[in-house]
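The next block is run_14.cif, given as mmCIF, C-alpha atoms.
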data_data
#
loop_
_atom_site.label_atom_id
_atom_site.label_comp_id
_atom_site.auth_asym_id
_atom_site.auth_seq_id
_atom_site.Cartn_x
_atom_site.Cartn_y
_atom_site.Cartn_z
CA MET C 19 171.99 155.43 -4.36
CA ALA C 20 172.55 155.68 -8.08
CA ARG C 21 172.30 151.93 -8.37
CA ALA C 22 168.66 151.83 -7.34
CA SER C 23 167.47 154.11 -10.11
CA SER C 24 169.85 153.05 -12.84
CA SER C 25 169.17 149.35 -12.60
CA THR C 26 166.05 147.43 -11.81
CA SER C 27 167.50 144.01 -12.59
CA HIS C 28 169.77 144.09 -9.56
CA ALA C 29 168.82 144.61 -5.96
CA GLY C 30 169.38 148.25 -5.15
CA SER C 31 169.60 150.38 -2.10
CA ALA C 32 166.48 150.90 -0.10
CA ILE C 33 165.92 153.84 2.19
CA LEU C 34 163.36 154.27 4.89
CA GLY C 35 163.36 158.04 5.30
CA LYS C 36 162.76 160.28 8.26
CA GLY C 37 159.09 160.42 9.11
CA ALA C 38 158.53 156.96 7.70
CA GLN C 39 157.41 154.02 9.79
CA ILE C 40 157.09 150.33 9.12
CA ARG C 41 155.13 147.95 11.28
CA GLY C 42 155.85 144.52 9.91
CA ARG C 43 158.51 142.37 8.37
CA ILE C 44 161.16 143.50 5.94
CA ALA C 45 163.12 140.97 3.94
CA GLY C 46 165.14 140.85 0.80
CA ASP C 47 168.35 141.39 -1.11
CA GLY C 48 170.22 144.63 -1.23
CA ASP C 49 171.07 147.28 1.29
CA LEU C 50 168.78 149.21 3.58
CA ARG C 51 169.32 152.56 5.24
CA VAL C 52 166.89 153.37 8.02
CA GLU C 53 166.28 156.97 9.10
CA GLY C 54 162.77 156.34 10.39
CA ALA C 55 161.22 153.73 12.64
CA ILE C 56 160.67 150.00 12.25
CA SER C 57 158.86 147.63 14.54
CA GLY C 58 159.12 144.19 13.02
CA ASP C 59 161.87 141.87 12.00
CA VAL C 60 164.45 142.85 9.40
CA ALA C 61 166.23 140.16 7.37
CA LEU C 62 168.53 141.28 4.57
CA THR C 63 171.30 139.74 2.53
CA GLY C 64 172.82 143.21 2.12
CA ASP C 65 174.07 145.80 4.55
CA LEU C 66 171.96 147.61 7.11
CA VAL C 67 172.62 151.16 8.28
CA VAL C 68 170.58 152.52 11.16
CA SER C 69 171.09 156.28 11.08
CA ASP C 70 171.14 158.74 13.93
CA GLY C 71 167.53 159.35 14.93
CA ALA C 72 166.32 156.01 13.60
CA GLU C 73 164.75 153.38 15.81
CA ILE C 74 164.30 149.67 15.26
CA VAL C 75 162.38 147.61 17.78
CA ALA C 76 162.96 144.12 16.41
CA ASP C 77 165.60 141.56 15.66
CA VAL C 78 167.77 142.35 12.67
CA GLN C 79 169.73 140.09 10.34
CA ALA C 80 172.03 141.48 7.67
CA ARG C 81 175.50 141.24 6.17
CA ALA C 82 177.21 144.23 7.78
CA VAL C 83 175.37 146.37 10.31
CA VAL C 84 176.19 149.97 11.22
CA VAL C 85 174.23 151.48 14.10
CA GLU C 86 174.10 155.22 14.77
CA GLY C 87 170.57 155.16 16.16
CA VAL C 88 168.61 152.85 18.40
CA ILE C 89 168.10 149.09 18.10
CA GLU C 90 166.06 147.23 20.68
CA GLY C 91 166.51 143.64 19.63
CA ASP C 92 169.16 141.17 18.63
CA ILE C 93 171.62 141.97 15.87
CA SER C 94 172.91 139.12 13.78
CA ALA C 95 175.43 139.97 11.06
CA THR C 96 177.26 137.63 8.69
CA SER C 97 179.94 140.30 8.48
CA SER C 98 180.90 143.16 10.79
CA VAL C 99 178.84 145.10 13.31
CA ALA C 100 179.81 148.71 14.03
CA ILE C 101 178.17 150.52 16.94
CA ARG C 102 178.82 154.24 16.58
CA ALA C 103 179.19 156.77 19.39
CA LYS C 104 175.58 158.00 19.57
CA ALA C 105 174.01 154.55 19.24
CA ARG C 106 171.92 152.71 21.79
CA VAL C 107 171.64 148.96 21.47
CA SER C 108 169.86 146.58 23.80
CA GLY C 109 170.05 142.99 22.70
CA ALA C 110 172.53 140.34 21.72
CA ILE C 111 175.08 141.26 19.07
CA ARG C 112 176.55 138.63 16.80
CA GLY C 113 179.01 139.16 13.98
CA THR C 114 182.43 138.27 12.62
CA SER C 115 183.88 141.49 13.97
CA ILE C 116 182.28 143.93 16.34
CA SER C 117 183.34 147.48 17.08
CA ILE C 118 181.82 149.76 19.67
CA GLU C 119 182.74 153.43 19.75
CA GLU C 120 183.20 155.37 22.93
CA GLY C 121 179.91 156.95 24.00
CA ALA C 122 177.70 154.17 22.67
CA ASN C 123 175.21 152.58 25.00
CA VAL C 124 175.18 148.80 24.67
CA SER C 125 173.43 146.29 26.88
CA GLY C 126 173.39 142.65 25.93
CA ARG C 127 175.55 139.73 25.05
CA ILE C 128 178.29 140.12 22.47
CA ASP C 129 179.16 137.12 20.36
CA ALA C 130 182.01 137.64 17.91
CA GLU C 131 182.70 134.66 15.68
CA PHE C 132 186.31 134.38 14.74
CA ASP C 133 188.89 131.64 14.59
CA LEU C 134 191.41 131.47 17.39
CA PRO C 135 195.01 131.77 16.20
CA PRO C 136 196.79 128.37 15.95
CA GLU C 137 198.97 129.05 19.00
CA LEU C 138 195.81 129.30 21.10
CA GLY C 139 194.52 125.99 19.83
CA GLY C 140 192.36 127.28 17.02
CA LYS C 141 192.20 125.79 13.59
CA SER C 142 193.42 128.02 10.80
CA ARG C 143 191.30 127.88 7.65
CA MET B 12 165.58 160.84 -4.86
CA ALA B 13 162.56 159.97 -2.90
CA ASN B 14 162.60 160.15 0.85
CA THR B 15 161.76 156.48 1.21
CA VAL B 16 162.75 153.95 -1.42
CA ILE B 17 161.67 150.33 -1.26
CA ALA B 18 164.16 148.99 -3.75
CA HIS B 19 163.87 146.04 -6.11
CA GLY B 20 164.47 142.82 -4.14
CA ILE B 21 163.06 144.16 -0.89
CA THR B 22 159.80 142.80 0.48
CA ILE B 23 157.76 144.46 3.20
CA GLU B 24 154.94 142.63 4.89
CA GLY B 25 153.09 145.04 7.11
CA GLU B 26 152.18 148.66 7.33
CA LEU B 27 154.30 151.47 5.91
CA THR B 28 153.43 155.01 6.90
CA SER B 29 155.34 158.09 5.84
CA ASP B 30 155.02 161.86 6.08
CA GLU B 31 157.01 162.21 2.89
CA ASP B 32 157.21 160.70 -0.57
CA VAL B 33 157.62 156.98 -1.15
CA LEU B 34 159.03 155.16 -4.17
CA ILE B 35 158.29 151.46 -4.53
CA GLN B 36 160.35 149.25 -6.81
CA GLY B 37 160.07 146.07 -4.75
CA THR B 38 157.19 144.28 -3.06
CA LEU B 39 154.80 145.53 -0.40
CA ARG B 40 152.01 143.54 1.21
CA GLY B 41 149.84 145.19 3.80
CA LYS B 42 149.04 148.86 3.89
CA LEU B 43 150.69 152.06 2.68
CA VAL B 44 149.86 155.52 3.98
CA SER B 45 151.77 158.60 2.87
CA LYS B 46 151.01 162.30 3.21
CA ASP B 47 152.98 162.96 0.05
CA ILE B 48 153.56 161.43 -3.39
CA VAL B 49 153.66 157.67 -3.86
CA LYS B 50 155.21 156.18 -6.98
CA VAL B 51 154.87 152.50 -7.78
CA GLU B 52 157.43 151.84 -10.47
CA SER B 53 157.46 149.29 -13.22
CA GLY B 54 158.38 145.90 -11.74
CA ALA B 55 156.96 146.71 -8.33
CA VAL B 56 154.25 144.54 -6.80
CA VAL B 57 151.92 146.04 -4.24
CA GLU B 58 149.17 144.08 -2.55
CA ALA B 59 147.92 146.77 -0.25
CA ASP B 60 145.46 149.56 0.19
CA ILE B 61 147.20 152.86 -0.53
CA SER B 62 146.43 156.31 0.71
CA ALA B 63 148.52 159.23 -0.55
CA SER B 64 148.34 162.80 -1.81
CA SER B 65 149.09 161.61 -5.32
CA LEU B 66 149.83 158.20 -6.75
CA SER B 67 151.48 157.15 -9.97
CA VAL B 68 151.21 153.53 -11.01
CA GLY B 69 153.78 151.99 -13.35
CA GLY B 70 153.79 148.62 -11.60
CA GLN B 71 151.16 146.27 -10.27
CA ILE B 72 148.75 147.18 -7.50
CA THR B 73 146.06 145.00 -5.99
CA GLY B 74 144.13 147.04 -3.48
CA ASN B 75 142.00 150.10 -3.06
CA VAL B 76 143.69 153.44 -3.56
CA THR B 77 142.76 156.84 -2.20
CA ALA B 78 144.50 160.05 -3.20
CA SER B 79 143.70 163.54 -1.97
CA ASP B 80 145.04 164.98 -5.21
CA ARG B 81 145.40 162.59 -8.15
CA VAL B 82 146.01 159.08 -9.44
CA ASP B 83 147.96 158.48 -12.65
CA LEU B 84 147.89 155.04 -14.25
CA MET B 85 150.89 154.91 -16.53
CA ALA B 86 151.40 152.73 -19.61
CA GLY B 87 152.25 149.22 -18.39
CA GLY B 88 150.73 149.91 -15.01
CA ARG B 89 148.12 147.55 -13.62
CA LEU B 90 145.60 148.39 -10.96
CA ILE B 91 143.00 146.03 -9.57
CA GLY B 92 140.94 147.86 -7.00
CA ASP B 93 138.81 150.90 -6.43
CA VAL B 94 140.08 154.42 -6.94
CA LYS B 95 138.98 157.40 -4.92
CA ALA B 96 140.57 160.62 -6.16
CA SER B 97 139.50 163.96 -7.53
CA ARG B 98 141.62 163.46 -10.66
CA LEU B 99 142.43 160.26 -12.50
CA THR B 100 144.35 159.64 -15.70
CA ILE B 101 144.67 156.27 -17.41
CA ALA B 102 147.37 156.07 -20.04
CA ASP B 103 147.15 154.01 -23.20
CA GLY B 104 148.48 150.55 -22.30
CA ALA B 105 147.48 150.61 -18.65
CA SER B 106 145.20 147.97 -17.16
CA PHE B 107 142.51 148.80 -14.67
CA LYS B 108 139.73 146.88 -13.00
CA GLY B 109 137.66 148.54 -10.34
CA ASN B 110 135.36 151.39 -9.50
CA VAL B 111 136.16 155.07 -9.67
CA ASP B 112 134.86 157.59 -7.19
CA MET B 113 135.79 161.15 -8.16
CA ASP B 114 133.74 162.58 -5.34
CA VAL B 115 131.60 164.94 -7.45
#

Is it possible to give me this structure as structure tokens?
Amino acid sequence: MARASSSTSHAGSAILGKGAQIRGRIAGDGDLRVEGAISGDVALTGDLVVSDGAEIVADVQARAVVVEGVIEGDISATSSVAIRAKARVSGAIRGTSISIEEGANVSGRIDAEFDLPPELGGKSR
Amino acid sequence: MANTVIAHGITIEGELTSDEDVLIQGTLRGKLVSKDIVKVESGAVVEADISASSLSVGGQITGNVTASDRVDLMAGGRLIGDVKASRLTIADGASFKGNVDMDV
């Protein structure tokens, strides 16, 4: 949080607070924390946190994604995806590593990209 | 810290509505409605009509603005559009092009 106010030359952290709503596209560098509602696509090069009580009805793209709220749409992460206990996700989930906590409600395809170990015929990098 | 922060590097194309205060450091195209304070900081680019309780402009706004309380154009701020507010200040070094309606 301190980064956003102390520096304007670097991409900072963005927050969409409770009681805030976006209808439209969000794109950019830096991290985003959503406590409100978004209907429209989200494409970030930073991390995305969807807090408890937040709702996104759209496809999301980000580096790492943490979901505590609701996402209705596909999640595509270049890094990890963490679905926390209270979360509800309906849509395809793609990431390098995916974790789903007990109690989360997930419906959709899960696509974890990782290399198979050599003994299973994968190519080690 | 503001309730909603659109940080530098973030672009929103669409409509942002909020019950609470909004701080814009990045880019917003579309429409912005807040029931509380809106601050457009230096470096921010807003191409949208804005409605808020009060608005301070340190960045660039192209669009009509309406504030139930006040609009403050800060030094370095740039506003192209009409202002409707009961109070308006324009600091030395601010740029402004548009009409003012103070609702007298």

* Residues at most 10 Å from Leu66 (chain B), counting all atoms listed in the file, excluding those fewer than 6 positions away in the same chain, as a PyMOL selection string? -> chain B and resi 32-33+45+47-51+76-84+96+99

* To do: Go ahead and compute the interatomic distance for CA of Ile93 (chain C) and CA of Asp70 (chain C), in Å to one decimal.
  =>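 Separation of CA of Ile93 (chain C) and CA of Asp70 (chain C): 16.9 Å.
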
* **6 Å contacts from chain C to chain B using all atoms listed in the file, as a list in words** => Ala29, Gly30, Ser31, Ala32, Ile33, Leu34, Gly35, Gly37, Ala38, Gln39, Ile40, Arg41, Gly42, Arg43, Ile44, Ala45, Gly46 and Asp47 of chain C

* To do: Tell me, in Å to one decimal, how far CA of Leu66 (chain C) is from CA of Glu53 (chain C).
  => 11.1 Å

* Please measure the separation of CA of Gly87 (chain C) and CA of Val60 (chain C), giving the value in Å to one decimal. => 15.3 Å

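Protein and nucleic acid residues near (141.4, 154.3, -3.1) are Asp60, Ile61, Ser62, Gly74, Asn75, Val76, Thr77, Ala78, Gly92, Asp93, Val94, Lys95, Ala96, Val111 and Asp112 of chain B, the criterion being any atom at most 9 Å away using all atoms listed in the file.
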
Any chance you could work out the axis-aligned box around region 47-66 of chain B, listed atoms only, 5 Å on each side, giving centre and edge lengths in Å to one decimal, as JSON?
{"center_x": 151.9, "center_y": 153.5, "center_z": -6.3, "size_x": 22.9, "size_y": 28.9, "size_z": 23.9}

* Mind telling me what the PyMOL selection byres ((chain B and resi 107) around 6) catches here, as JSON, numbers by chain? -> {"B": [89, 90, 91, 106, 108]}

* Name the residues that the PyMOL selection byres ((chain C and resi 68) around 12) pulls out of this structure, and write them as a PyMOL selection string. => chain C and resi 33-36+49-56+60+65-67+69-75+78+80+82-90+93+99-102+104-107
